[in-house]
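The file entry.pdb contains PDB, C-alpha atoms, pLDDT in the B column:
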```
ATOM      1  CA  MET A   1       5.426 -41.554   7.821  1.00 57.00           C
ATOM      2  CA  GLU A   2       1.709 -41.343   8.333  1.00 70.00           C
ATOM      3  CA  LYS A   3      -0.338 -39.308   5.849  1.00 65.00           C
ATOM      4  CA  SER A   4      -1.453 -36.814   8.529  1.00 63.00           C
ATOM      5  CA  THR A   5       2.153 -36.214   9.662  1.00 66.00           C
ATOM      6  CA  LEU A   6       3.321 -35.768   6.078  1.00 63.00           C
ATOM      7  CA  LEU A   7       0.434 -33.361   5.378  1.00 58.00           C
ATOM      8  CA  SER A   8       1.223 -31.322   8.500  1.00 61.00           C
ATOM      9  CA  LEU A   9       4.906 -31.148   7.564  1.00 60.00           C
ATOM     10  CA  THR A  10       4.054 -30.042   4.019  1.00 66.00           C
ATOM     11  CA  ILE A  11       1.720 -27.298   5.275  1.00 70.00           C
ATOM     12  CA  ALA A  12       4.386 -26.055   7.706  1.00 62.00           C
ATOM     13  CA  ILE A  13       7.033 -25.893   4.968  1.00 66.00           C
ATOM     14  CA  VAL A  14       4.700 -24.052   2.584  1.00 62.00           C
ATOM     15  CA  GLY A  15       3.861 -21.574   5.373  1.00 60.00           C
ATOM     16  CA  ILE A  16       7.539 -20.866   6.022  1.00 61.00           C
ATOM     17  CA  VAL A  17       8.218 -20.339   2.308  1.00 59.00           C
ATOM     18  CA  VAL A  18       5.284 -17.914   1.979  1.00 57.00           C
ATOM     19  CA  LEU A  19       6.374 -15.990   5.087  1.00 56.00           C
ATOM     20  CA  GLN A  20       9.938 -15.669   3.809  1.00 57.00           C
ATOM     21  CA  ALA A  21       8.749 -14.525   0.393  1.00 58.00           C
ATOM     22  CA  SER A  22       6.466 -11.849   1.848  1.00 57.00           C
ATOM     23  CA  GLN A  23       9.248 -10.518   4.077  1.00 60.00           C
ATOM     24  CA  GLY A  24      11.597 -10.316   1.102  1.00 66.00           C
ATOM     25  CA  ILE A  25       9.643  -7.631  -0.772  1.00 79.00           C
ATOM     26  CA  LYS A  26      11.860  -4.648  -1.533  1.00 90.00           C
ATOM     27  CA  TYR A  27      10.136  -1.284  -1.864  1.00 94.00           C
ATOM     28  CA  THR A  28      11.743   1.366  -4.050  1.00 93.00           C
ATOM     29  CA  PRO A  29      11.496   4.924  -2.672  1.00 95.00           C
ATOM     30  CA  VAL A  30       9.935   7.157  -5.336  1.00 95.00           C
ATOM     31  CA  SER A  31       8.344  10.577  -5.520  1.00 95.00           C
ATOM     32  CA  ILE A  32       4.642  10.852  -6.246  1.00 94.00           C
ATOM     33  CA  GLU A  33       5.557  12.679  -9.473  1.00 94.00           C
ATOM     34  CA  HIS A  34       7.637   9.666 -10.574  1.00 93.00           C
ATOM     35  CA  LEU A  35       4.895   7.282  -9.497  1.00 93.00           C
ATOM     36  CA  ASN A  36       2.336   9.029 -11.712  1.00 91.00           C
ATOM     37  CA  VAL A  37       4.650   8.625 -14.722  1.00 92.00           C
ATOM     38  CA  ASN A  38       5.853   5.083 -13.982  1.00 93.00           C
ATOM     39  CA  CYS A  39       2.961   3.395 -12.199  1.00 94.00           C
ATOM     40  CA  LYS A  40       4.220  -0.081 -11.412  1.00 92.00           C
ATOM     41  CA  GLY A  41       6.036  -2.175  -8.873  1.00 93.00           C
ATOM     42  CA  GLU A  42       6.554  -2.152  -5.133  1.00 96.00           C
ATOM     43  CA  VAL A  43       7.176   1.418  -4.024  1.00 96.00           C
ATOM     44  CA  GLU A  44       7.628   3.594  -0.964  1.00 96.00           C
ATOM     45  CA  ILE A  45       6.180   7.104  -0.946  1.00 96.00           C
ATOM     46  CA  LYS A  46       5.946   9.873   1.624  1.00 95.00           C
ATOM     47  CA  GLY A  47       3.451  12.686   1.647  1.00 95.00           C
ATOM     48  CA  GLU A  48       0.516  14.412   3.275  1.00 95.00           C
ATOM     49  CA  VAL A  49      -3.034  13.120   3.187  1.00 95.00           C
ATOM     50  CA  ALA A  50      -4.848  15.908   1.323  1.00 95.00           C
ATOM     51  CA  ASN A  51      -8.314  14.368   1.345  1.00 95.00           C
ATOM     52  CA  THR A  52     -10.189  11.179   2.232  1.00 93.00           C
ATOM     53  CA  PHE A  53     -13.508   9.826   0.983  1.00 93.00           C
ATOM     54  CA  HIS A  54     -15.526   6.666   0.429  1.00 91.00           C
ATOM     55  CA  SER A  55     -15.855   5.415  -3.145  1.00 88.00           C
ATOM     56  CA  ASN A  56     -19.129   4.235  -4.649  1.00 89.00           C
ATOM     57  CA  LYS A  57     -17.966   0.684  -3.885  1.00 87.00           C
ATOM     58  CA  GLY A  58     -17.352   1.532  -0.213  1.00 87.00           C
ATOM     59  CA  ASN A  59     -13.547   1.713  -0.336  1.00 88.00           C
ATOM     60  CA  TYR A  60     -11.861   4.272   1.922  1.00 91.00           C
ATOM     61  CA  ILE A  61      -9.561   6.285  -0.336  1.00 92.00           C
ATOM     62  CA  GLY A  62      -6.965   8.851   0.628  1.00 94.00           C
ATOM     63  CA  ILE A  63      -5.380  11.352  -1.715  1.00 95.00           C
ATOM     64  CA  VAL A  64      -1.712  11.633  -0.762  1.00 96.00           C
ATOM     65  CA  SER A  65       0.158  14.665  -2.053  1.00 96.00           C
ATOM     66  CA  GLU A  66       3.778  15.743  -2.314  1.00 95.00           C
ATOM     67  CA  LYS A  67       5.039  18.916  -3.986  1.00 93.00           C
ATOM     68  CA  GLY A  68       1.810  19.469  -5.918  1.00 93.00           C
ATOM     69  CA  PHE A  69       1.477  15.895  -7.174  1.00 94.00           C
ATOM     70  CA  GLU A  70      -1.193  13.494  -5.926  1.00 95.00           C
ATOM     71  CA  VAL A  71      -1.910   9.768  -5.906  1.00 96.00           C
ATOM     72  CA  PRO A  72      -5.026   7.943  -4.678  1.00 95.00           C
ATOM     73  CA  VAL A  73      -4.367   5.272  -2.058  1.00 94.00           C
ATOM     74  CA  ILE A  74      -6.789   2.530  -0.983  1.00 91.00           C
ATOM     75  CA  LEU A  75      -6.738   2.746   2.829  1.00 88.00           C
ATOM     76  CA  ASN A  76      -7.824   0.077   5.282  1.00 81.00           C
ATOM     77  CA  GLU A  77      -7.525   2.295   8.334  1.00 73.00           C
ATOM     78  CA  ARG A  78     -10.200   4.923   8.744  1.00 74.00           C
ATOM     79  CA  LYS A  79      -8.145   6.641  11.438  1.00 82.00           C
ATOM     80  CA  ILE A  80      -5.983   8.251   8.737  1.00 88.00           C
ATOM     81  CA  ILE A  81      -7.281  11.768   8.172  1.00 88.00           C
ATOM     82  CA  PRO A  82      -6.439  14.822   6.060  1.00 92.00           C
ATOM     83  CA  GLY A  83      -3.311  16.543   7.335  1.00 93.00           C
ATOM     84  CA  ASP A  84      -1.561  13.328   8.417  1.00 93.00           C
ATOM     85  CA  GLN A  85       2.003  12.891   7.186  1.00 94.00           C
ATOM     86  CA  VAL A  86       2.345   9.287   5.988  1.00 94.00           C
ATOM     87  CA  LYS A  87       4.881   6.817   4.682  1.00 95.00           C
ATOM     88  CA  ILE A  88       3.322   4.120   2.505  1.00 95.00           C
ATOM     89  CA  LEU A  89       4.814   0.853   1.293  1.00 95.00           C
ATOM     90  CA  GLY A  90       2.726  -0.755  -1.406  1.00 95.00           C
ATOM     91  CA  ARG A  91       2.052  -1.825  -4.959  1.00 95.00           C
ATOM     92  CA  ALA A  92       1.409   0.721  -7.676  1.00 95.00           C
ATOM     93  CA  SER A  93      -1.023  -0.153 -10.430  1.00 92.00           C
ATOM     94  CA  LYS A  94      -3.152   1.582 -13.049  1.00 90.00           C
ATOM     95  CA  TYR A  95      -6.890   1.508 -12.438  1.00 83.00           C
ATOM     96  CA  ARG A  96      -8.836   2.935 -15.347  1.00 81.00           C
ATOM     97  CA  GLU A  97      -6.818   6.042 -16.257  1.00 84.00           C
ATOM     98  CA  ASP A  98      -5.252   6.723 -12.834  1.00 87.00           C
ATOM     99  CA  CYS A  99      -2.311   5.370 -10.906  1.00 93.00           C
ATOM    100  CA  PHE A 100      -3.447   3.889  -7.578  1.00 93.00           C
ATOM    101  CA  LEU A 101      -1.368   2.717  -4.658  1.00 94.00           C
ATOM    102  CA  PHE A 102      -2.469  -0.443  -2.858  1.00 93.00           C
ATOM    103  CA  PRO A 103      -0.614  -0.341   0.470  1.00 94.00           C
ATOM    104  CA  ASP A 104       0.917  -3.245   2.315  1.00 93.00           C
ATOM    105  CA  GLN A 105       1.883  -0.924   5.169  1.00 92.00           C
ATOM    106  CA  VAL A 106       0.932   2.629   6.164  1.00 91.00           C
ATOM    107  CA  LYS A 107       2.843   4.541   8.828  1.00 90.00           C
ATOM    108  CA  ILE A 108       1.563   7.813  10.207  1.00 88.00           C
ATOM    109  CA  LYS A 109       4.666   9.942  10.635  1.00 80.00           C
ATOM    110  CA  LYS A 110       3.061  13.015  12.129  1.00 71.00           C
ATOM    111  CA  ARG A 111      -0.431  14.217  12.931  1.00 68.00           C
ATOM    112  CA  ARG A 112      -1.527  17.753  12.329  1.00 60.00           C
TER     113      ARG A 112
END
```
Mind turning the file's structure into structure tokens?
Amino acid sequence: MEKSTLLSLTIAIVGIVVLQASQGIKYTPVSIEHLNVNCKGEVEIKGEVANTFHSNKGNYIGIVSEKGFEVPVILNERKIIPGDQVKILGRASKYREDCFLFPDQVKIKKRR
């Protein structure tokens, strides 16, 4: 086999493996209350966007609430506004003292 053919085949195989791995992520449905206590892993939450703002670093952040509990979420879509009902699949992680959710997918369930 030529080097260019072998390189192309290797890149294609690596791409397929990465695609399969990313599709295999399992999100665990949790409440926001549970998320604030156990802030780790791939999770699924549902709630209402209570507030949105831009951080000092320019990130668009939404505060998602459920039953009096809140979690900040880094949002890529500026079309998400307070009052939206959302379902978020993402990775939970501590940042400074707070639990943050870094979404892989955000679905707007219902607009106000």
Exercise. What does the distance from CA of Ile74 in chain A to CA of Phe100 in chain A come to in Å, to one decimal?
Worked result: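 CA of Phe100 in chain A lies 7.5 Å from CA of Ile74 in chain A.
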>> Since I can't run it myself right now, could you work out what the PyMOL selection byres ((chain A and resi 32) around 7) selects here and report it as a list in words?
In response: Val30, Ser31, Glu33, His34, Leu35, Asn36, Ile45, Glu66, Phe69, Glu70 and Val71 of chain A
Take the residues from that selection and write them out as a tab-separated table (two decimals), in the coordinates of the input, keeping C-alpha atoms.
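Once everything was written out, this is result_16.tsv:
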```tsv
chain	number	residue	atom	x	y	z
A	30	VAL	CA	9.94	7.16	-5.34
A	31	SER	CA	8.34	10.58	-5.52
A	33	GLU	CA	5.56	12.68	-9.47
A	34	HIS	CA	7.64	9.67	-10.57
A	35	LEU	CA	4.89	7.28	-9.50
A	36	ASN	CA	2.34	9.03	-11.71
A	45	ILE	CA	6.18	7.10	-0.95
A	66	GLU	CA	3.78	15.74	-2.31
A	69	PHE	CA	1.48	15.90	-7.17
A	70	GLU	CA	-1.19	13.49	-5.93
A	71	VAL	CA	-1.91	9.77	-5.91
```
Judged by all atoms listed in the file, the minimum distance to Pro82 in chain A among A:Val106, A:Ile25, A:Ile63, A:Val43 is found for A:Ile63
Hits of the PyMOL selection byres ((chain A and resi 95) around 12) in this structure, as an NGL selection string: :A and (36 or 39-40 or 71-74 or 92-94 or 96-102)
CA of Gly62 in chain A sits from CA of Glu42 in chain A at a separation of 18.4 Å
TODO: Up to 7 Å from (11.6, -0.5, -4.0) in the file's coordinates: name the residues, counting all atoms listed in the file, as a PyMOL selection string.
DONE: chain A and resi 26-29+42-44
Judged by all atoms listed in the file, the minimum distance to Ser65 in chain A among A:Lys109, A:Arg78, A:Arg91, A:Lys46 is found for A:Lys46
Long-range neighbours of Asn59 in chain A as a ChimeraX atom specification, 9 Å cut-off, all atoms listed in the file, 5 positions minimum in chain: /A:53-54,74-76
Give the centre and edge lengths of an axis-aligned box, in Å to one decimal, that holds all listed atoms of range 32-45 of chain A with 4 Å on each side, as AutoDock Vina command-line options.
```
--center_x 5.0 --center_y 5.3 --center_z -7.8 --size_x 13.3 --size_y 22.9 --size_z 21.8
```
Going by the chain IDs and residue numbers used in this file, which residues fall under the PyMOL selection byres ((chain A and resi 84) around 8)? Write them as a VMD selection string.
chain A and resid 48 to 49 80 to 83 85 to 86 108 to 112
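CA of Asp104 in chain A to CA of Lys87 in chain A spans 11.1 Å [interatomic distance, one decimal].
Between Gly47 in chain A and the candidates A:Ile61, A:Glu2, A:Gly68, A:Glu77, the tightest atom-to-atom separation, counting all atoms listed in the file, involves A:Gly68.
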